[in-house]
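Data file: run-v5.cif. Format and content: mmCIF, C-alpha atoms.
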```cif
data_start
loop_
_atom_site.label_atom_id
_atom_site.label_comp_id
_atom_site.auth_asym_id
_atom_site.auth_seq_id
_atom_site.Cartn_x
_atom_site.Cartn_y
_atom_site.Cartn_z
CA MET A 1 -14.83 31.72 11.33
CA ARG A 2 -11.74 30.59 9.39
CA ILE A 3 -10.20 27.59 11.13
CA LEU A 4 -6.87 25.83 10.74
CA LEU A 5 -6.72 22.30 12.13
CA VAL A 6 -3.25 20.79 12.48
CA GLY A 7 -2.84 17.02 12.10
CA SER A 8 -3.47 14.09 9.79
CA GLY A 9 -4.87 11.12 11.74
CA GLY A 10 -8.22 9.60 12.62
CA ARG A 11 -8.54 11.98 15.54
CA GLU A 12 -8.13 14.96 13.20
CA HIS A 13 -10.65 13.49 10.73
CA ALA A 14 -13.23 13.30 13.53
CA LEU A 15 -12.39 16.82 14.71
CA ALA A 16 -12.55 18.15 11.16
CA LEU A 17 -16.04 16.71 10.68
CA GLY A 18 -17.16 18.25 13.97
CA LEU A 19 -15.70 21.66 13.10
CA HIS A 20 -17.12 21.55 9.57
CA ALA A 21 -20.62 20.74 10.89
CA ASP A 22 -20.70 23.91 13.02
CA SER A 23 -22.30 26.77 11.05
CA ALA A 24 -19.85 29.16 12.72
CA CYS A 25 -17.08 27.58 10.61
CA THR A 26 -16.95 29.44 7.29
CA ALA A 27 -13.70 27.91 6.02
CA LEU A 28 -11.83 24.83 7.22
CA HIS A 29 -8.15 24.31 6.41
CA VAL A 30 -6.24 21.24 7.58
CA ALA A 31 -2.48 20.69 7.63
CA PRO A 32 -1.43 18.25 6.35
CA GLY A 33 -4.77 16.42 6.44
CA ASN A 34 -5.54 13.08 4.79
CA PRO A 35 -7.64 11.73 1.89
CA GLY A 36 -10.78 11.52 4.04
CA ILE A 37 -10.48 15.10 5.26
CA ALA A 38 -9.71 16.32 1.73
CA GLU A 39 -13.26 15.38 0.70
CA PHE A 40 -14.69 18.40 2.56
CA ALA A 41 -11.80 20.63 3.69
CA GLN A 42 -8.77 22.26 2.07
CA CYS A 43 -5.59 20.37 2.92
CA HIS A 44 -2.09 21.86 2.99
CA PRO A 45 0.91 19.46 2.80
CA ILE A 46 3.23 21.23 5.22
CA ASP A 47 5.71 19.87 7.77
CA ILE A 48 3.91 20.22 11.10
CA SER A 49 7.11 19.54 13.04
CA ASN A 50 8.21 22.96 11.79
CA ASN A 51 6.52 25.72 13.82
CA ALA A 52 7.35 28.35 11.21
CA GLU A 53 5.40 26.49 8.52
CA ILE A 54 2.30 26.25 10.73
CA VAL A 55 2.51 29.93 11.65
CA ALA A 56 3.02 30.99 8.03
CA LEU A 57 -0.02 28.99 6.91
CA ALA A 58 -2.18 30.45 9.70
CA GLN A 59 -1.19 33.94 8.58
CA LYS A 60 -1.70 33.15 4.90
CA ILE A 61 -5.29 31.96 5.39
CA ASP A 62 -5.98 34.64 8.02
CA ALA A 63 -7.01 31.97 10.54
CA GLU A 64 -9.29 33.10 13.35
CA LEU A 65 -8.81 29.85 15.28
CA VAL A 66 -6.04 27.25 15.17
CA VAL A 67 -6.77 23.81 16.64
CA ILE A 68 -3.67 21.68 17.29
CA GLY A 69 -4.40 17.95 17.06
CA PRO A 70 -1.16 16.02 17.81
CA GLU A 71 1.16 16.42 20.78
CA GLY A 72 4.37 17.06 18.83
CA PRO A 73 3.66 20.64 17.73
CA LEU A 74 2.33 21.48 21.19
CA VAL A 75 5.47 20.26 22.95
CA ASN A 76 7.43 22.18 20.30
CA GLY A 77 5.68 25.38 21.44
CA VAL A 78 3.71 26.28 18.31
CA ALA A 79 0.80 27.57 20.41
CA ASP A 80 3.11 30.20 21.91
CA ASP A 81 4.26 31.31 18.46
CA LEU A 82 0.66 31.71 17.28
CA ARG A 83 -0.51 33.53 20.40
CA ARG A 84 2.28 36.05 20.00
CA LEU A 85 0.56 36.99 16.74
CA LYS A 86 -2.81 37.35 18.55
CA ILE A 87 -4.23 34.25 16.85
CA ALA A 88 -6.69 32.26 19.00
CA VAL A 89 -5.32 28.76 19.66
CA PHE A 90 -6.94 25.66 21.10
CA GLY A 91 -3.93 23.93 22.58
CA PRO A 92 -1.60 24.50 25.53
CA SER A 93 1.64 26.46 25.65
CA LYS A 94 4.99 24.71 25.49
CA ALA A 95 5.30 24.96 29.27
CA ALA A 96 1.81 23.52 29.89
CA ALA A 97 2.31 20.79 27.28
CA GLN A 98 4.99 19.30 29.51
CA LEU A 99 2.12 17.50 31.25
CA GLU A 100 2.47 15.07 28.34
CA GLY A 101 6.03 15.87 27.33
CA SER A 102 7.41 14.68 30.68
CA LYS A 103 5.74 12.14 32.93
CA THR A 104 8.01 13.28 35.75
CA PHE A 105 6.70 16.84 35.40
CA ALA A 106 3.12 15.56 35.40
CA LYS A 107 3.80 13.62 38.61
CA GLU A 108 5.21 16.76 40.23
CA VAL A 109 2.15 18.83 39.29
CA MET A 110 -0.19 16.09 40.53
CA ALA A 111 1.64 15.99 43.86
CA ASP A 112 1.32 19.75 44.29
CA ALA A 113 -2.33 19.72 43.21
CA GLY A 114 -3.26 16.81 45.48
CA VAL A 115 -4.39 14.66 42.56
CA PRO A 116 -4.37 10.92 43.33
CA THR A 117 -1.96 8.84 41.23
CA ALA A 118 0.36 5.83 41.47
CA HIS A 119 3.51 5.99 43.58
CA SER A 120 6.53 6.20 41.31
CA PHE A 121 10.24 6.78 40.81
CA THR A 122 11.97 8.59 37.97
CA CYS A 123 15.03 6.56 36.97
CA SER A 124 17.90 6.97 34.53
CA THR A 125 20.53 4.39 35.57
CA LEU A 126 20.59 0.61 35.70
CA GLU A 127 20.90 0.68 39.49
CA GLU A 128 17.84 2.93 39.77
CA TYR A 129 15.80 0.77 37.37
CA GLU A 130 16.53 -2.39 39.33
CA LYS A 131 15.83 -0.81 42.70
CA ALA A 132 12.46 0.60 41.54
CA LEU A 133 11.39 -2.69 39.98
CA ASP A 134 12.22 -4.44 43.24
CA VAL A 135 10.21 -1.93 45.29
CA PHE A 136 6.99 -2.32 43.29
CA GLY A 137 7.27 -5.91 42.07
CA ALA A 138 5.17 -7.45 39.31
CA PRO A 139 3.22 -6.49 37.33
CA TYR A 140 5.93 -4.02 36.35
CA VAL A 141 4.93 -0.63 34.92
CA VAL A 142 7.68 1.21 33.02
CA LYS A 143 6.97 4.43 31.13
CA ASP A 144 9.20 6.41 28.82
CA ASP A 145 9.46 9.84 30.45
CA GLY A 146 9.09 11.64 27.10
CA LEU A 147 6.81 11.46 24.08
CA ALA A 148 6.43 8.00 22.60
CA GLY A 149 3.35 8.17 20.38
CA GLY A 150 1.21 6.18 22.81
CA LYS A 151 3.66 3.24 22.72
CA GLY A 152 6.15 4.13 25.47
CA VAL A 153 4.53 2.11 28.23
CA VAL A 154 5.25 -1.49 29.14
CA VAL A 155 3.12 -3.38 31.66
CA THR A 156 4.48 -6.89 32.16
CA GLN A 157 5.04 -9.77 34.55
CA ASP A 158 8.45 -10.30 32.96
CA ARG A 159 11.16 -8.44 34.87
CA LYS A 160 13.65 -8.73 32.02
CA GLU A 161 11.17 -7.20 29.56
CA ALA A 162 10.58 -4.33 31.99
CA LEU A 163 14.30 -3.79 32.47
CA ASP A 164 15.03 -3.95 28.74
CA HIS A 165 12.35 -1.31 28.10
CA ALA A 166 13.84 0.97 30.75
CA ILE A 167 17.32 0.61 29.26
CA ALA A 168 15.99 1.38 25.77
CA CYS A 169 14.18 4.50 26.96
CA LYS A 170 17.01 5.72 29.22
CA ARG A 171 14.90 8.05 31.42
CA VAL A 172 11.74 6.38 32.69
CA VAL A 173 9.04 6.54 35.31
CA ILE A 174 8.60 3.22 37.11
CA GLU A 175 5.45 3.05 39.18
CA GLU A 176 3.11 0.80 41.10
CA TYR A 177 0.53 -1.12 39.10
CA LEU A 178 -3.00 0.27 39.41
CA ASN A 179 -5.56 -2.51 39.45
CA GLY A 180 -9.01 -1.71 38.08
CA PRO A 181 -10.81 -0.78 34.87
CA GLU A 182 -9.31 2.09 32.87
CA VAL A 183 -11.29 5.09 31.68
CA SER A 184 -10.45 8.04 29.44
CA LEU A 185 -12.02 11.32 30.50
CA PHE A 186 -11.30 14.56 28.65
CA GLY A 187 -11.62 18.11 29.90
CA ILE A 188 -11.88 21.23 27.73
CA SER A 189 -10.23 24.20 29.45
CA ASP A 190 -9.92 27.93 28.82
CA GLY A 191 -7.17 28.30 31.41
CA THR A 192 -9.42 28.86 34.42
CA SER A 193 -12.57 26.81 33.78
CA ILE A 194 -12.68 23.20 32.60
CA LEU A 195 -15.62 21.23 31.21
CA ALA A 196 -15.56 17.45 31.61
CA MET A 197 -16.64 15.44 28.58
CA GLN A 198 -18.40 12.10 28.95
CA PRO A 199 -16.08 9.14 29.60
CA ALA A 200 -14.85 6.65 27.03
CA GLN A 201 -12.82 3.45 27.22
CA ASP A 202 -10.14 2.47 24.74
CA PHE A 203 -8.33 -0.81 24.04
CA LYS A 204 -4.54 -0.59 23.91
CA ARG A 205 -3.45 -4.15 23.19
CA ALA A 206 -3.19 -5.25 19.57
CA ARG A 207 -5.18 -8.47 19.87
CA ASP A 208 -8.42 -9.82 21.35
CA ASN A 209 -8.69 -10.36 25.09
CA ASP A 210 -5.99 -7.72 25.67
CA LYS A 211 -3.23 -9.87 24.20
CA GLY A 212 -0.32 -8.68 22.09
CA LEU A 213 1.76 -5.53 22.11
CA ASN A 214 0.69 -2.13 23.37
CA THR A 215 -0.56 0.15 20.59
CA GLY A 216 -1.85 3.68 20.17
CA GLY A 217 -5.35 2.22 20.53
CA MET A 218 -7.34 -0.47 18.68
CA GLY A 219 -10.85 0.74 19.45
CA ALA A 220 -13.05 2.62 21.89
CA TYR A 221 -16.63 3.15 22.98
CA SER A 222 -18.82 5.61 24.84
CA PRO A 223 -20.77 5.99 27.07
CA LEU A 224 -19.77 3.51 29.78
CA PRO A 225 -22.91 1.86 31.23
CA TRP A 226 -20.88 0.19 33.99
CA ALA A 227 -19.06 3.28 35.24
CA PRO A 228 -20.04 5.00 38.51
CA SER A 229 -22.88 7.47 37.98
CA ASP A 230 -20.80 10.29 39.47
CA ILE A 231 -17.61 9.63 37.48
CA ILE A 232 -17.79 12.92 35.54
CA GLU A 233 -18.40 15.07 38.61
CA ASP A 234 -15.91 13.11 40.71
CA THR A 235 -13.16 13.39 38.09
CA HIS A 236 -13.83 17.10 37.64
CA THR A 237 -13.55 17.69 41.40
CA GLN A 238 -10.62 15.38 42.17
CA VAL A 239 -8.56 15.62 39.00
CA LEU A 240 -9.40 18.15 36.29
CA ALA A 241 -10.19 21.28 38.31
CA PRO A 242 -7.20 20.88 40.69
CA MET A 243 -4.82 20.43 37.74
CA ILE A 244 -6.10 23.57 36.01
CA ALA A 245 -5.84 25.52 39.27
CA GLU A 246 -2.28 24.29 39.88
CA MET A 247 -1.14 25.10 36.35
CA ASN A 248 -2.62 28.58 36.78
CA ALA A 249 -0.83 29.02 40.11
CA ARG A 250 2.46 28.11 38.40
CA GLY A 251 1.95 30.87 35.85
CA THR A 252 1.45 28.38 33.01
CA PRO A 253 -2.34 28.28 32.47
CA PHE A 254 -3.57 25.27 30.54
CA VAL A 255 -5.73 26.12 27.52
CA GLY A 256 -6.86 23.17 25.43
CA LEU A 257 -7.77 19.54 25.93
CA LEU A 258 -6.59 17.81 29.09
CA TYR A 259 -6.88 14.04 28.70
CA ALA A 260 -6.98 12.11 31.96
CA GLY A 261 -6.29 8.39 31.79
CA LEU A 262 -7.87 6.96 34.93
CA ALA A 263 -7.85 3.68 36.84
CA LEU A 264 -10.93 2.98 38.94
CA THR A 265 -9.20 1.12 41.79
CA ASP A 266 -10.56 -0.36 45.01
CA HIS A 267 -9.09 2.69 46.74
CA GLY A 268 -10.75 5.22 44.45
CA THR A 269 -9.90 6.95 41.19
CA ARG A 270 -6.20 7.24 40.34
CA VAL A 271 -4.61 9.06 37.40
CA ILE A 272 -2.52 6.84 35.13
CA GLU A 273 -1.38 9.62 32.81
CA PHE A 274 -2.24 12.96 31.26
CA ASN A 275 -2.19 13.89 27.60
CA VAL A 276 -2.55 17.44 26.33
CA ARG A 277 -4.68 16.78 23.23
CA PHE A 278 -7.67 14.76 22.11
CA GLY A 279 -7.05 11.03 22.45
CA ASP A 280 -7.08 8.66 19.52
CA PRO A 281 -9.32 6.61 19.07
CA GLU A 282 -11.59 8.01 21.83
CA THR A 283 -12.18 11.19 19.83
CA GLN A 284 -13.80 9.10 17.10
CA VAL A 285 -16.59 8.08 19.49
CA LEU A 286 -16.92 11.31 21.47
CA ILE A 287 -17.18 13.87 18.66
CA PRO A 288 -20.04 12.03 16.86
CA LEU A 289 -21.99 12.05 20.16
CA LEU A 290 -21.39 15.71 21.03
CA LYS A 291 -24.39 17.98 20.37
CA THR A 292 -22.63 21.20 21.39
CA PRO A 293 -21.28 22.92 18.22
CA LEU A 294 -17.56 22.09 18.21
CA ALA A 295 -16.04 25.13 16.48
CA THR A 296 -17.89 27.53 18.77
CA LEU A 297 -16.90 25.49 21.82
CA LEU A 298 -13.19 25.38 20.98
CA PHE A 299 -13.14 29.10 20.12
CA LYS A 300 -14.67 29.90 23.52
CA ALA A 301 -11.96 27.77 25.17
CA ALA A 302 -9.27 29.58 23.19
CA THR A 303 -10.62 32.99 24.22
CA ALA A 304 -11.37 32.48 27.94
CA GLY A 305 -15.10 32.12 27.37
CA LEU A 306 -16.10 28.80 28.93
CA ALA A 307 -17.39 30.02 32.29
CA ASP A 308 -21.11 29.65 31.43
CA GLU A 309 -20.82 26.84 28.86
CA VAL A 310 -22.56 23.48 29.34
CA LEU A 311 -21.88 20.45 27.14
CA GLU A 312 -24.82 18.67 25.52
CA TRP A 313 -24.71 15.06 24.36
CA LYS A 314 -26.80 12.83 22.12
CA GLU A 315 -28.45 9.90 23.86
CA ASP A 316 -26.84 7.44 21.44
CA SER A 317 -23.87 5.12 21.90
CA ALA A 318 -20.79 4.88 19.71
CA VAL A 319 -18.23 2.12 19.11
CA THR A 320 -15.11 2.54 17.00
CA VAL A 321 -12.87 -0.25 15.69
CA VAL A 322 -9.39 0.27 14.22
CA LEU A 323 -8.30 -1.46 11.03
CA ALA A 324 -4.54 -1.99 11.40
CA ALA A 325 -1.94 -2.79 8.76
CA GLU A 326 -0.12 -6.11 8.69
CA GLY A 327 2.77 -6.08 11.17
CA TYR A 328 1.36 -3.30 13.37
CA PRO A 329 2.56 -2.07 15.83
CA SER A 330 6.17 -3.30 15.56
CA ALA A 331 6.66 -3.20 11.76
CA PRO A 332 3.52 -2.11 9.86
CA LYS A 333 3.48 -2.67 6.11
CA SER A 334 2.56 0.26 3.91
CA GLY A 335 1.35 0.34 0.33
CA GLY A 336 -1.52 -2.14 0.47
CA VAL A 337 -4.52 -1.12 -1.63
CA ILE A 338 -7.77 -0.54 0.28
CA SER A 339 -11.03 -1.64 -1.29
CA THR A 340 -13.96 0.72 -1.78
CA LEU A 341 -15.16 1.92 1.60
CA PRO A 342 -18.74 0.90 2.45
CA SER A 343 -21.44 3.52 2.91
CA ILE A 344 -23.71 2.47 5.76
CA GLN A 345 -26.19 4.61 7.65
CA ASP A 346 -24.98 5.62 11.12
CA VAL A 347 -21.41 4.55 10.34
CA GLN A 348 -18.52 6.99 10.01
CA ILE A 349 -15.15 5.92 8.58
CA PHE A 350 -12.19 8.02 9.65
CA HIS A 351 -8.91 7.94 7.76
CA ALA A 352 -5.86 7.54 9.99
CA GLY A 353 -2.98 6.17 7.88
CA THR A 354 -4.04 6.42 4.24
CA ALA A 355 -2.75 8.04 1.06
CA ARG A 356 -4.18 8.58 -2.42
CA THR A 357 -2.03 7.27 -5.30
CA ASP A 358 -2.44 6.18 -8.91
CA GLU A 359 -3.34 2.73 -7.54
CA GLY A 360 -6.13 4.21 -5.47
CA LEU A 361 -6.42 4.51 -1.71
CA ILE A 362 -3.50 2.79 0.05
CA ALA A 363 -2.33 2.16 3.61
CA SER A 364 0.40 4.57 4.71
CA GLY A 365 0.52 3.94 8.45
CA GLY A 366 0.01 1.36 11.17
CA ARG A 367 -3.52 2.33 12.10
CA VAL A 368 -5.16 2.73 8.73
CA LEU A 369 -8.86 3.40 9.29
CA THR A 370 -11.17 3.83 12.26
CA VAL A 371 -14.75 2.69 11.77
CA THR A 372 -17.37 4.14 14.12
CA GLY A 373 -20.89 2.78 14.49
CA ILE A 374 -23.60 4.82 16.18
CA GLY A 375 -26.73 3.30 17.67
CA SER A 376 -29.35 3.51 20.38
CA ASP A 377 -27.19 1.26 22.56
CA LEU A 378 -23.72 -0.30 22.46
CA THR A 379 -24.94 -3.53 20.84
CA GLU A 380 -26.46 -1.67 17.90
CA ALA A 381 -23.44 0.61 17.61
CA ARG A 382 -20.89 -2.22 17.61
CA ASN A 383 -22.95 -4.29 15.17
CA ARG A 384 -22.86 -1.39 12.73
CA ALA A 385 -19.15 -0.82 13.21
CA TYR A 386 -18.28 -4.49 12.67
CA ARG A 387 -20.61 -4.86 9.71
CA ALA A 388 -18.83 -1.96 8.02
CA ILE A 389 -15.25 -2.94 8.86
CA SER A 390 -15.83 -6.50 7.68
CA GLN A 391 -16.52 -5.11 4.19
CA ILE A 392 -13.17 -3.33 3.91
CA SER A 393 -10.42 -5.29 2.17
CA LEU A 394 -6.74 -4.58 2.88
CA PRO A 395 -4.29 -7.48 2.44
CA GLY A 396 -2.84 -8.64 5.76
CA SER A 397 -4.85 -6.17 7.82
CA PHE A 398 -6.53 -7.07 11.09
CA TYR A 399 -8.81 -5.69 13.79
CA ARG A 400 -9.95 -6.73 17.23
CA SER A 401 -13.31 -8.50 17.40
CA ASP A 402 -14.05 -7.75 21.06
CA ILE A 403 -14.29 -3.95 21.22
CA ALA A 404 -17.10 -3.00 23.67
CA PHE A 405 -18.34 -6.61 23.77
CA ASN A 406 -18.32 -7.02 27.56
CA ALA A 407 -19.86 -3.58 28.06
CA SER A 408 -22.64 -4.32 25.58
CA VAL A 409 -23.43 -7.59 27.36
CA ALA A 410 -23.49 -5.80 30.72
CA GLU A 411 -25.73 -3.10 29.28
CA LYS A 412 -28.23 -5.70 28.05
CA GLY A 413 -28.12 -7.35 31.47
CA ASN A 414 -29.24 -4.12 33.08
#
```

In structure tokens, write the structure found in this file.
Amino acid sequence: MRILLVGSGGREHALALGLHADSACTALHVAPGNPGIAEFAQCHPIDISNNAEIVALAQKIDAELVVIGPEGPLVNGVADDLRRLKIAVFGPSKAAAQLEGSKTFAKEVMADAGVPTAHSFTCSTLEEYEKALDVFGAPYVVKDDGLAGGKGVVVTQDRKEALDHAIACKRVVIEEYLNGPEVSLFGISDGTSILAMQPAQDFKRARDNDKGLNTGGMGAYSPLPWAPSDIIEDTHTQVLAPMIAEMNARGTPFVGLLYAGLALTDHGTRVIEFNVRFGDPETQVLIPLLKTPLATLLFKAATAGLADEVLEWKEDSAVTVVLAAEGYPSAPKSGGVISTLPSIQDVQIFHAGTARTDEGLIASGGRVLTVTGIGSDLTEARNRAYRAISQISLPGSFYRSDIAFNASVAEKGN
């Protein structure tokens, strides 16, 4: 099977490795890719914000499956353009991608599907912002209604900060704060069936102990030893399956990856948000643990063939830690030279924001590398991840030191 994977980040590096490892994949092309992916796949430096360039490349390489990594091309409708040419696509249509493209739309679908979520208001004027903030009180939760690269959400005790964020975004969703641990749970759908993956937890704040600015994610781990034993089944029944059924009923079936961000509150599971693609950095812990061949799985999803599929998982644990550039997330510095990457057994290093130049490997983005350790438990996995990341030198870079720490302690206690 000839596969085209669209994207260039750590998520795409993890997906590329998973696709490449499946014997069903005979040729792997990635657009635009990154230096890590280029070591085993053919990269094509195209503009993925341009649907025509993606479609032309898919035709040129005679792709039998196109996997869309980032949200931008999906919201732009590239999956529709490809399907019109009878090319199998793992990724939702433009209409279905509005589950991430508009938080207001997602709230409307959840209401119709009976999916539990936070009470909210969509606001676009100063008067509406102030009224909504008054209704819910602190902590204030203000979300940009559109795409914001994982950085459009502010959760704060400071009313002025919340108001300033709303004004900067213009159209926002202001909602009640959901108290409880957060979980990421992905579902792979063929439009009618959906398979729940095992849960992961990511860390959004830039610094230890959940301090600092919100980011696209500074680390993640899976599985979750502290989570309810029925979390996968419960989320499938309460959240994933009703959403797929509702999207079908609307005439916009959802084919691809439905990412549910969940809060496990005292009143039960509540949806924080949906994304319409693999999450980053959760993908970097989930794909290394997945036993089911990835290329075959995603092709079945793209061709309405998931009805009898069952996901299989390794019994290991995985912890991933993000190496971020100086100044991330507000003003990351590019151009720093990265030292030789360590080679350690049961450690995978995924490129996220790197480039190859005459100077060598350099940082080209805010999140530069994602280092994943795999072990028999979370302690072993995180020890491997931290041992590896501590050997990487990038001037001014930083990483959190507490990824999966509490979970590993709890796991040992059990």

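Within the 12 Å cut-off around A:Ala168, using all atoms listed in the file and omitting residues fewer than 5 positions from it on the same chain, the listed residues are Ser124, Thr125, Leu126, Tyr129, Val142, Lys143, Asp144, Asp145, Gly152, Val153, Val154, Glu161, Ala162 and Leu163 of chain A.
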
- Task: Given the file shown, determine the residues that the PyMOL selection byres ((chain A and resi 243) around 8) selects; report them as a list in words.
- Result: Val109, Met110, Ala113, Val115, Val239, Leu240, Ala241, Pro242, Ile244, Ala245, Glu246 and Met247 of chain A

Written selection (C-alpha atoms) as a PDB file, in the coordinates of the input:
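Wrote result25.pdb, looks like this:
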```pdb
ATOM      1  CA  VAL A 109       2.150  18.830  39.290  1.00  0.00           C
ATOM      2  CA  MET A 110      -0.190  16.090  40.530  1.00  0.00           C
ATOM      3  CA  ALA A 113      -2.330  19.720  43.210  1.00  0.00           C
ATOM      4  CA  VAL A 115      -4.390  14.660  42.560  1.00  0.00           C
ATOM      5  CA  VAL A 239      -8.560  15.620  39.000  1.00  0.00           C
ATOM      6  CA  LEU A 240      -9.400  18.150  36.290  1.00  0.00           C
ATOM      7  CA  ALA A 241     -10.190  21.280  38.310  1.00  0.00           C
ATOM      8  CA  PRO A 242      -7.200  20.880  40.690  1.00  0.00           C
ATOM      9  CA  ILE A 244      -6.100  23.570  36.010  1.00  0.00           C
ATOM     10  CA  ALA A 245      -5.840  25.520  39.270  1.00  0.00           C
ATOM     11  CA  GLU A 246      -2.280  24.290  39.880  1.00  0.00           C
ATOM     12  CA  MET A 247      -1.140  25.100  36.350  1.00  0.00           C
TER      13      MET A 247
END
```

- Task: Take the PyMOL selection byres ((chain A and resi 174) around 8), apply it to the structure above, and return the hits as a ChimeraX atom specification.
- Result: /A:120-123,129,132-133,140-143,172-173,175-176

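Here the PyMOL selection byres ((chain A and resi 48) around 8) captures the residues Val6, Gly7, Ala31, Pro32, Ile46, Asp47, Ser49, Asn50, Asn51, Glu53, Ile54 and Pro73 of chain A.
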
- Task: Rank nothing, just name the residue among A:Glu273, A:Thr156, A:Pro225, A:Gln348 nearest to A:Gly212, using only C-alpha atoms.
- Result: A:Thr156

- Just how far from atom CA of A:Gln284 is atom CA of A:Thr320, in Å to one decimal?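 Going from atom CA of A:Thr320 over to atom CA of A:Gln284 covers 6.7 Å.
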
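Of the residues under consideration (A:Val135, A:Leu361, A:Val347, A:Ile403), A:Val135 shows the shortest atom-to-atom contact distance to A:His119 when counting all atoms listed in the file.
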
- Message: I'd like the contact shell of A:Val322 - 10 Å cut-off, only C-alpha atoms, skipping same-chain residues fewer than 6 positions apart - returned as a list in words.
- Response: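 In the requested form, the answer reads Gly10, Phe203, Ala206, Gly217, Met218, Gly219, Ala220, Pro281, Ile349, Phe350, Ala352, Gly366, Arg367, Val368, Leu369, Thr370, Val371, Thr372, Ala385, Ile389, Phe398, Tyr399, Arg400 and Ile403 of chain A.
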
- Query: Which is closest to A:Ser317 among A:Ile87, A:Leu28, A:Ala196, A:Val285, if we use only C-alpha atoms?
  - Reply: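 Comparing A:Ile87, A:Leu28, A:Ala196, A:Val285 against A:Ser317, the winner is A:Val285.
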
- Query: Hey, which of A:Ala307, A:Leu262, A:Ala88, A:Ala96 ends up closest to A:Thr192? Count all atoms listed in the file.
  - Reply: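 Going through A:Ala307, A:Leu262, A:Ala88, A:Ala96 one by one, the smallest distance to A:Thr192 is for A:Ala307.
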
- With distances taken over only C-alpha atoms, which of A:Leu147, A:Ala407, A:Leu57, A:Ala302 is nearest to A:Pro181? A:Ala407

- Item | Coordinates-based distance that separates atom CA of A:Gln391 from atom CA of A:Gly336 (Å, one decimal) |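 Taking atom CA of A:Gly336 and atom CA of A:Gln391, their separation equals 15.7 Å.
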
- Message: Would you compute the distance between atom CA of A:Leu65 and atom CA of A:Leu258? Give it in Å to one decimal.
- Response: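 Straight-line distance from atom CA of A:Leu65 to atom CA of A:Leu258 works out to 18.5 Å.
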
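Of the residues under consideration (A:Glu182, A:Glu326, A:Asp202, A:Asp80), A:Asp202 shows the shortest atom-to-atom contact distance to A:Leu286 when counting only C-alpha atoms.
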
Residues near A:Gly77, anyone? I mean within 12 Å using all atoms listed in the file, not counting same-chain ones fewer than 3 positions away, as a tab-separated table (two decimals) with C-alpha atoms, keeping the file's coordinate frame.
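So result-v7.tsv came out as:
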```tsv
chain	number	residue	atom	x	y	z
A	48	ILE	CA	3.91	20.22	11.10
A	49	SER	CA	7.11	19.54	13.04
A	50	ASN	CA	8.21	22.96	11.79
A	51	ASN	CA	6.52	25.72	13.82
A	52	ALA	CA	7.35	28.35	11.21
A	54	ILE	CA	2.30	26.25	10.73
A	55	VAL	CA	2.51	29.93	11.65
A	68	ILE	CA	-3.67	21.68	17.29
A	71	GLU	CA	1.16	16.42	20.78
A	72	GLY	CA	4.37	17.06	18.83
A	73	PRO	CA	3.66	20.64	17.73
A	74	LEU	CA	2.33	21.48	21.19
A	80	ASP	CA	3.11	30.20	21.91
A	81	ASP	CA	4.26	31.31	18.46
A	82	LEU	CA	0.66	31.71	17.28
A	83	ARG	CA	-0.51	33.53	20.40
A	84	ARG	CA	2.28	36.05	20.00
A	89	VAL	CA	-5.32	28.76	19.66
A	91	GLY	CA	-3.93	23.93	22.58
A	92	PRO	CA	-1.60	24.50	25.53
A	93	SER	CA	1.64	26.46	25.65
A	94	LYS	CA	4.99	24.71	25.49
A	95	ALA	CA	5.30	24.96	29.27
A	96	ALA	CA	1.81	23.52	29.89
A	97	ALA	CA	2.31	20.79	27.28
A	98	GLN	CA	4.99	19.30	29.51
A	101	GLY	CA	6.03	15.87	27.33
```

- Task: Compile the contact shell of A:Gly180 as an MDAnalysis selection string: residues with an atom at most 8 Å away, counting only C-alpha atoms, same-chain residues fewer than 6 positions apart removed.
- Result: chainID A and resid 263:266

Could you model N, CA and C atoms for stretch 83-90 of chain A and present them as a compact mmCIF listing (two decimals), in the frame of the given file?
```
# COMPACT_ATOMS: atom_id res chain seq x y z
N ARG A 83 0.08 32.55 19.47
CA ARG A 83 -0.51 33.53 20.40
C ARG A 83 0.24 34.86 20.37
N ARG A 84 1.53 34.80 20.11
CA ARG A 84 2.28 36.05 20.00
C ARG A 84 1.78 36.91 18.85
N LEU A 85 1.13 36.27 17.88
CA LEU A 85 0.56 36.99 16.74
C LEU A 85 -0.92 37.29 16.95
N LYS A 86 -1.40 37.08 18.19
CA LYS A 86 -2.81 37.35 18.55
C LYS A 86 -3.79 36.45 17.81
N ILE A 87 -3.34 35.24 17.47
CA ILE A 87 -4.23 34.25 16.85
C ILE A 87 -4.76 33.33 17.94
N ALA A 88 -6.08 33.14 18.00
CA ALA A 88 -6.69 32.26 19.00
C ALA A 88 -6.26 30.82 18.73
N VAL A 89 -5.83 30.13 19.79
CA VAL A 89 -5.32 28.76 19.66
C VAL A 89 -6.00 27.85 20.67
N PHE A 90 -6.49 26.71 20.19
CA PHE A 90 -6.94 25.66 21.10
C PHE A 90 -5.80 24.66 21.23
```
